[in-house]
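Student: Got a file for you: run-v2.cif, mmCIF, C-alpha atoms.
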data_work
loop_
_atom_site.label_atom_id
_atom_site.label_comp_id
_atom_site.auth_asym_id
_atom_site.auth_seq_id
_atom_site.Cartn_x
_atom_site.Cartn_y
_atom_site.Cartn_z
CA MET A 1 -8.86 -109.48 -81.98
CA SER A 2 -9.72 -107.95 -78.59
CA LYS A 3 -7.37 -105.70 -76.66
CA ALA A 4 -7.53 -108.06 -73.69
CA PHE A 5 -6.25 -110.94 -75.83
CA VAL A 6 -3.43 -108.83 -77.28
CA LEU A 7 -2.30 -107.71 -73.82
CA LEU A 8 -2.47 -111.27 -72.48
CA ALA A 9 -0.41 -112.50 -75.41
CA SER A 10 2.15 -109.79 -74.76
CA SER A 11 2.44 -110.98 -71.19
CA MET A 12 3.06 -114.55 -72.39
CA VAL A 13 5.83 -113.34 -74.68
CA LEU A 14 7.34 -111.40 -71.80
CA LEU A 15 7.41 -114.56 -69.71
CA THR A 16 9.03 -116.52 -72.52
CA CYS A 17 11.67 -113.92 -73.15
CA ALA A 18 12.43 -113.42 -69.48
CA PRO A 19 12.43 -116.82 -67.73
CA THR A 20 13.69 -115.21 -64.53
CA ILE A 21 10.20 -113.68 -63.87
CA ASP A 22 8.39 -115.74 -61.23
CA ALA A 23 4.79 -116.95 -61.49
CA PHE A 24 3.39 -114.34 -59.08
CA THR A 25 4.80 -111.45 -61.11
CA PHE A 26 3.41 -112.97 -64.28
CA LEU A 27 -0.11 -113.39 -62.85
CA THR A 28 -0.11 -109.87 -61.42
CA THR A 29 0.98 -108.36 -64.73
CA SER A 30 -1.66 -110.35 -66.59
CA ARG A 31 -4.45 -109.27 -64.20
CA ARG A 32 -3.49 -105.61 -64.55
CA ALA A 33 -3.58 -106.00 -68.33
CA GLU A 34 -7.07 -107.47 -68.21
CA VAL A 35 -8.40 -104.69 -65.97
CA ALA A 36 -6.89 -102.01 -68.20
CA ALA A 37 -8.47 -103.62 -71.25
CA VAL A 38 -11.93 -103.76 -69.65
CA ARG A 39 -11.69 -100.14 -68.50
CA SER A 40 -10.69 -99.00 -71.96
CA GLN A 41 -13.89 -100.52 -73.39
CA ARG A 42 -16.26 -98.82 -70.86
CA PRO A 43 -18.27 -95.80 -72.10
CA ALA A 44 -17.31 -92.45 -70.56
CA ILE A 45 -19.47 -91.45 -67.59
CA SER A 46 -20.80 -87.90 -67.78
CA ARG A 47 -20.11 -85.81 -64.70
CA THR A 48 -22.12 -82.84 -65.92
CA ILE A 49 -24.70 -81.58 -63.42
CA PRO A 50 -27.75 -79.98 -65.01
CA ILE A 51 -27.65 -76.22 -64.54
CA HIS A 52 -31.33 -76.02 -63.65
CA SER A 53 -30.74 -78.42 -60.74
CA ARG A 54 -27.96 -76.28 -59.29
CA SER A 55 -29.90 -73.05 -59.64
CA GLY A 56 -32.97 -74.62 -58.07
CA THR A 57 -30.93 -75.77 -55.09
CA CYS A 58 -29.33 -72.34 -54.66
CA LEU A 59 -32.74 -70.67 -54.86
CA LYS A 60 -34.13 -72.99 -52.20
CA MET A 61 -31.12 -72.34 -49.93
CA ALA A 62 -31.52 -68.59 -50.41
CA GLU A 63 -35.20 -68.74 -49.49
CA ILE A 64 -34.39 -70.72 -46.35
CA SER A 65 -31.66 -68.27 -45.37
CA THR A 66 -33.80 -65.13 -45.75
CA LYS A 67 -36.72 -66.81 -43.99
CA ASP A 68 -34.43 -67.75 -41.11
CA VAL A 69 -33.36 -64.11 -40.75
CA SER A 70 -36.97 -62.92 -40.80
CA LYS A 71 -38.08 -65.54 -38.29
CA SER A 72 -35.23 -64.77 -35.89
CA SER A 73 -35.87 -61.02 -36.15
CA GLU A 74 -39.58 -61.44 -35.52
CA GLU A 75 -38.91 -63.45 -32.36
CA LYS A 76 -36.73 -60.61 -31.07
CA MET A 77 -39.43 -58.07 -31.93
CA LYS A 78 -42.00 -60.07 -29.97
CA LYS A 79 -39.75 -59.88 -26.92
CA SER A 80 -39.58 -56.10 -27.34
CA ILE A 81 -43.39 -55.99 -27.36
CA GLU A 82 -43.47 -58.03 -24.15
CA SER A 83 -41.03 -55.60 -22.53
CA VAL A 84 -43.20 -52.60 -23.48
CA MET A 85 -46.30 -54.29 -22.06
CA LYS A 86 -44.51 -55.10 -18.83
CA ASN A 87 -43.37 -51.49 -18.42
CA LEU A 88 -46.84 -50.12 -19.15
CA ASN A 89 -48.46 -52.51 -16.69
CA SER A 90 -46.23 -51.08 -13.98
CA ILE A 91 -47.88 -47.65 -14.40
CA ARG A 92 -50.72 -47.19 -11.93
CA THR A 93 -54.05 -45.93 -13.21
CA GLY A 94 -55.83 -45.01 -9.95
CA ARG A 95 -57.04 -48.56 -9.36
CA ALA A 96 -55.20 -51.30 -7.45
CA ASN A 97 -53.22 -53.60 -9.70
CA ALA A 98 -50.49 -55.95 -8.47
CA ALA A 99 -48.55 -55.42 -11.72
CA ILE A 100 -47.62 -51.88 -10.69
CA LEU A 101 -45.11 -53.40 -8.25
CA ASP A 102 -43.41 -55.57 -10.89
CA ARG A 103 -40.52 -53.13 -11.23
CA VAL A 104 -39.92 -52.74 -7.50
CA MET A 105 -36.48 -54.07 -6.51
CA VAL A 106 -35.48 -54.83 -2.93
CA THR A 107 -31.91 -55.16 -1.66
CA TYR A 108 -31.73 -58.64 -0.17
CA TYR A 109 -28.37 -59.74 1.28
CA GLY A 110 -26.68 -57.13 -0.88
CA ALA A 111 -28.34 -58.20 -4.14
CA PRO A 112 -31.26 -56.39 -5.87
CA THR A 113 -34.20 -58.80 -6.00
CA PRO A 114 -37.68 -58.34 -7.54
CA LEU A 115 -40.33 -57.77 -4.87
CA ASN A 116 -42.70 -60.34 -6.42
CA GLN A 117 -40.08 -63.03 -5.67
CA MET A 118 -39.92 -62.10 -2.00
CA ALA A 119 -43.56 -61.53 -1.09
CA SER A 120 -47.13 -62.38 -1.91
CA ILE A 121 -48.91 -59.41 -3.51
CA SER A 122 -52.70 -59.27 -3.58
CA VAL A 123 -55.47 -56.78 -4.36
CA SER A 124 -57.40 -56.36 -1.10
CA SER A 125 -59.76 -53.70 -2.52
CA ALA A 126 -60.17 -51.46 -5.55
CA GLN A 127 -57.89 -48.91 -3.92
CA GLN A 128 -55.50 -51.06 -1.88
CA LEU A 129 -52.70 -53.63 -2.33
CA THR A 130 -51.44 -55.99 0.35
CA VAL A 131 -47.83 -57.19 0.41
CA GLU A 132 -47.03 -60.13 2.68
CA PRO A 133 -43.26 -60.89 2.82
CA TYR A 134 -42.10 -64.48 3.05
CA ASP A 135 -39.35 -63.27 5.41
CA LYS A 136 -40.75 -60.84 7.99
CA SER A 137 -37.27 -59.59 8.87
CA ILE A 138 -36.97 -57.68 5.58
CA MET A 139 -40.19 -55.67 5.78
CA GLY A 140 -38.19 -52.47 6.25
CA ASP A 141 -36.15 -53.24 3.11
CA ILE A 142 -39.37 -53.82 1.16
CA GLU A 143 -40.75 -50.47 2.30
CA ARG A 144 -37.62 -48.71 1.10
CA GLY A 145 -37.77 -50.54 -2.21
CA ILE A 146 -41.35 -49.41 -2.84
CA VAL A 147 -40.50 -45.80 -2.01
CA ASP A 148 -37.29 -45.84 -4.11
CA ALA A 149 -39.26 -47.10 -7.13
CA GLU A 150 -40.84 -43.60 -7.33
CA LEU A 151 -44.33 -44.89 -8.00
CA GLY A 152 -45.92 -42.20 -5.87
CA LEU A 153 -47.01 -44.80 -3.30
CA SER A 154 -46.80 -44.72 0.50
CA PRO A 155 -46.50 -48.19 2.09
CA ASN A 156 -47.94 -48.80 5.56
CA ASN A 157 -46.15 -51.44 7.63
CA ASP A 158 -48.15 -52.99 10.49
CA GLY A 159 -45.44 -55.51 11.39
CA SER A 160 -47.15 -58.39 9.62
CA VAL A 161 -48.10 -57.12 6.16
CA ILE A 162 -47.54 -53.96 4.15
CA ARG A 163 -50.65 -52.18 2.89
CA ILE A 164 -50.47 -49.74 0.01
CA ASN A 165 -53.34 -47.36 -0.61
CA ILE A 166 -53.68 -46.31 -4.23
CA PRO A 167 -54.46 -42.58 -4.29
CA ALA A 168 -56.63 -41.04 -6.96
CA LEU A 169 -54.64 -39.52 -9.80
CA THR A 170 -54.43 -35.76 -10.01
CA GLU A 171 -54.56 -34.03 -13.36
CA ALA A 172 -50.84 -33.21 -13.17
CA ARG A 173 -50.00 -36.81 -12.28
CA ARG A 174 -52.07 -38.10 -15.21
CA LYS A 175 -50.09 -35.91 -17.60
CA ASP A 176 -46.83 -37.19 -16.17
CA LEU A 177 -47.98 -40.79 -16.62
CA LEU A 178 -49.02 -40.09 -20.22
CA LYS A 179 -45.50 -38.88 -20.93
CA GLN A 180 -44.15 -42.02 -19.30
CA CYS A 181 -46.38 -44.17 -21.53
CA LYS A 182 -45.11 -42.43 -24.66
CA SER A 183 -41.54 -42.86 -23.45
CA TYR A 184 -41.97 -46.62 -23.00
CA GLY A 185 -43.59 -46.79 -26.42
CA GLU A 186 -40.71 -44.95 -28.08
CA GLU A 187 -38.17 -47.19 -26.37
CA GLY A 188 -40.00 -50.18 -27.78
CA LYS A 189 -40.02 -48.72 -31.29
CA VAL A 190 -36.29 -48.02 -31.13
CA ALA A 191 -35.73 -51.65 -30.12
CA LEU A 192 -37.82 -52.83 -33.08
CA ARG A 193 -35.90 -50.64 -35.53
CA ASN A 194 -32.59 -51.92 -34.17
CA VAL A 195 -33.73 -55.50 -34.78
CA ARG A 196 -34.81 -54.59 -38.31
CA ARG A 197 -31.46 -52.92 -38.97
CA ASP A 198 -29.55 -56.00 -37.82
CA GLY A 199 -31.73 -58.24 -39.99
CA VAL A 200 -31.21 -56.08 -43.08
CA GLU A 201 -27.45 -56.07 -42.50
CA SER A 202 -27.46 -59.87 -42.35
CA ILE A 203 -29.33 -60.04 -45.65
CA LYS A 204 -26.92 -57.58 -47.29
CA LYS A 205 -23.97 -59.71 -46.17
CA MET A 206 -25.61 -62.73 -47.78
CA GLU A 207 -26.01 -60.78 -51.01
CA LYS A 208 -22.41 -59.57 -50.89
CA SER A 209 -21.14 -63.13 -50.48
CA SER A 210 -23.29 -64.21 -53.46
CA GLU A 211 -25.47 -66.47 -51.31
CA ILE A 212 -28.55 -64.70 -52.63
CA SER A 213 -29.34 -62.54 -55.65
CA LYS A 214 -30.07 -58.82 -55.64
CA ASP A 215 -33.81 -59.46 -56.10
CA GLN A 216 -33.87 -61.95 -53.24
CA ALA A 217 -32.08 -59.45 -51.01
CA LYS A 218 -34.67 -56.79 -51.87
CA ASP A 219 -37.52 -59.19 -51.07
CA GLY A 220 -35.86 -60.01 -47.76
CA THR A 221 -35.40 -56.37 -46.74
CA ASP A 222 -38.99 -55.56 -47.76
CA GLU A 223 -40.24 -58.40 -45.57
CA MET A 224 -38.18 -57.10 -42.65
CA GLN A 225 -39.79 -53.66 -43.06
CA LYS A 226 -43.29 -55.17 -43.13
CA ILE A 227 -42.65 -57.10 -39.92
CA CYS A 228 -41.23 -54.01 -38.20
CA ASP A 229 -44.19 -51.85 -39.30
CA LYS A 230 -46.63 -54.46 -37.97
CA TYR A 231 -45.12 -54.44 -34.48
CA ILE A 232 -44.72 -50.65 -34.40
CA LYS A 233 -48.45 -50.43 -35.07
CA GLU A 234 -49.05 -52.92 -32.25
CA ILE A 235 -47.05 -50.75 -29.84
CA ASP A 236 -49.12 -47.71 -30.83
CA GLY A 237 -52.28 -49.65 -29.98
CA ILE A 238 -50.94 -50.85 -26.61
CA VAL A 239 -49.84 -47.33 -25.61
CA ALA A 240 -53.16 -45.81 -26.71
CA LYS A 241 -55.06 -48.33 -24.59
CA LYS A 242 -52.95 -47.54 -21.53
CA GLU A 243 -53.36 -43.80 -22.04
CA LYS A 244 -57.13 -44.27 -22.12
CA GLU A 245 -56.98 -46.15 -18.81
CA ILE A 246 -54.96 -43.34 -17.22
CA MET A 247 -57.34 -40.63 -18.40
CA THR A 248 -60.44 -42.52 -17.24
CA VAL A 249 -61.59 -40.96 -13.97
#
Let me see the file written as structure tokens.

Tutor:
Amino acid sequence: MSKAFVLLASSMVLLTCAPTIDAFTFLTTSRRAEVAAVRSQRPAISRTIPIHSRSGTCLKMAEISTKDVSKSSEEKMKKSIESVMKNLNSIRTGRANAAILDRVMVTYYGAPTPLNQMASISVSSAQQLTVEPYDKSIMGDIERGIVDAELGLSPNNDGSVIRINIPALTEARRKDLLKQCKSYGEEGKVALRNVRRDGVESIKKMEKSSEISKDQAKDGTDEMQKICDKYIKEIDGIVAKKEKEIMTV
């Protein structure tokens, strides 16, 4: 005899013994009895999750996390390289190059503004630059900005354009510029090492919070070092190239 039949029979007896129970209560009680009986006959559903599935998921998440740190750090390092290149391009080498004025700032209505946003800069000859301001009323301010930049340049204002003759580099000036190149290179390397340090700290925090294993943390820090070494080597190459330009007579 099934459990459903027994429970239904019990409900019928209950109705017989207690005539005061209305039809709705009887039907509700009977339905609950049927559902309970069906549930009791269902096989148990396993809720166990295979261990290999969990570990595989965690491993994948860890790889994504360490890769994200490496990718973000590398992007920051690339920006440091760009900054070094911009600074080196601003160093004159004895030949006219518009980039040497990139760092010139001019006070315009009380705010420091890059010269290349206020004037057209062109190379008129191998030894001369021409600066043509969009606003002729600030030519005096532009002159002061060029002088204050300490580039060793003397601007000539004819009332319409500013001409800058690029003098030949003396031996003493070349040595000073070489020091400046090395300084920009070192600043770039410090920036790279700071990015690497921040990346390694992020990986160590992930290890401490059990997001990644000790081996995964080591792989992540090793990758950070490789990336940093690659860009430090790139800075050395960029600086060496600039130094060669400065020493070429």

Student: Apply the PyMOL selection byres ((chain A and resi 121) around 9) to the displayed file and report the matching residues as a short mmCIF file (atom, residue, chain, number, x, y, z; two decimals) with C-alpha atoms, in the coordinates of the input.

Tutor:
data_model
loop_
_atom_site.label_atom_id
_atom_site.label_comp_id
_atom_site.auth_asym_id
_atom_site.auth_seq_id
_atom_site.Cartn_x
_atom_site.Cartn_y
_atom_site.Cartn_z
CA ALA A 98 -50.49 -55.95 -8.47
CA LEU A 101 -45.11 -53.40 -8.25
CA LEU A 115 -40.33 -57.77 -4.87
CA ASN A 116 -42.70 -60.34 -6.42
CA ALA A 119 -43.56 -61.53 -1.09
CA SER A 120 -47.13 -62.38 -1.91
CA SER A 122 -52.70 -59.27 -3.58
CA VAL A 123 -55.47 -56.78 -4.36
CA LEU A 129 -52.70 -53.63 -2.33
CA THR A 130 -51.44 -55.99 0.35
CA VAL A 131 -47.83 -57.19 0.41
CA GLU A 132 -47.03 -60.13 2.68
CA PRO A 133 -43.26 -60.89 2.82
#

Student: Let me make sure I understand: among A:Ala217, A:Leu151, A:Glu201, A:Gln128, which one has the smallest atom-to-atom distance to A:Gln180 if we use only C-alpha atoms?

Tutor: A:Leu151

Student: Using all atoms listed in the file, which residues of stretch 62-132 of chain A come within 7 Å of stretch 183-193 of chain A, and what is the closest atom pair for each, with the distance in Å to one decimal? Give it as a tab-separated table, sorted by chain and residue number.

Tutor:
residue	atom	partner	partner_atom	distance
A:Met77	CA	A:Leu192	CA	5.6
A:Ser80	CA	A:Gly188	CA	6.0
A:Ile81	CA	A:Gly188	CA	6.7
A:Val84	CA	A:Gly188	CA	5.9
A:Asn87	CA	A:Tyr184	CA	6.8

Student: For stretch 195-199 of chain A, work out the shell of residues within 10 Å, counting all atoms listed in the file and skipping chain neighbours fewer than 5 positions away, then give it as number ranges by chain.

Tutor: A: 66, 68-77, 80, 189-190, 204, 220-221, 223-229

Student: Please indicate the distance in Å from atom CA of A:Lys218 to atom CA of A:Asn194, rounded to one decimal place.

Tutor: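 So the two atoms, atom CA of A:Lys218 and atom CA of A:Asn194, lie 18.5 Å apart.
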
Student: So, counting all atoms listed in the file, which residue among A:Arg103, A:Lys78, A:Lys244, A:Arg95 is closest to A:Ala149?

Tutor: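 The closest residue to A:Ala149 is A:Arg103.
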
Student: I'd like the residues picked by the PyMOL selection byres ((chain A and resi 246) around 12) written out as a PyMOL selection string, using the chain letters and numbers from the file.

Tutor: chain A and resi 88-89+91-95+168-181+239-245+247-249

Student: With 8 Å of padding per side, what axis-aligned box (centre and edge lengths, Å, one decimal) covers all the listed atoms of stretch 133-151 of chain A? Give it as lines of an AutoDock Vina configuration file.

Tutor:
center_x = -40.2
center_y = -54.0
center_z = 0.4
size_x = 24.2
size_y = 36.9
size_z = 32.9

Student: Between atom CA of A:Gly110 and atom CA of A:Asp158, what is the spacing in Å?

Tutor: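 Pair atom CA of A:Asp158 / atom CA of A:Gly110 returns 24.6 Å.
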
Student: Which residues, named as in the file, does the PyMOL selection byres ((chain A and resi 165) around 6) pick out? Answer as number ranges by chain.

Tutor: A: 127-128, 164, 166

Student: Figure out the distance between atom CA of A:Lys182 and atom CA of A:Gly145, please, to one decimal in Å.

Tutor: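 Atom CA of A:Lys182 lies 25.0 Å from atom CA of A:Gly145.
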
Student: Smallest atom-to-atom distance to A:Ile138: which of A:Lys67, A:Ala99, A:Thr113, A:Lys208, using all atoms listed in the file?

Tutor: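 The closest residue to A:Ile138 is A:Thr113.
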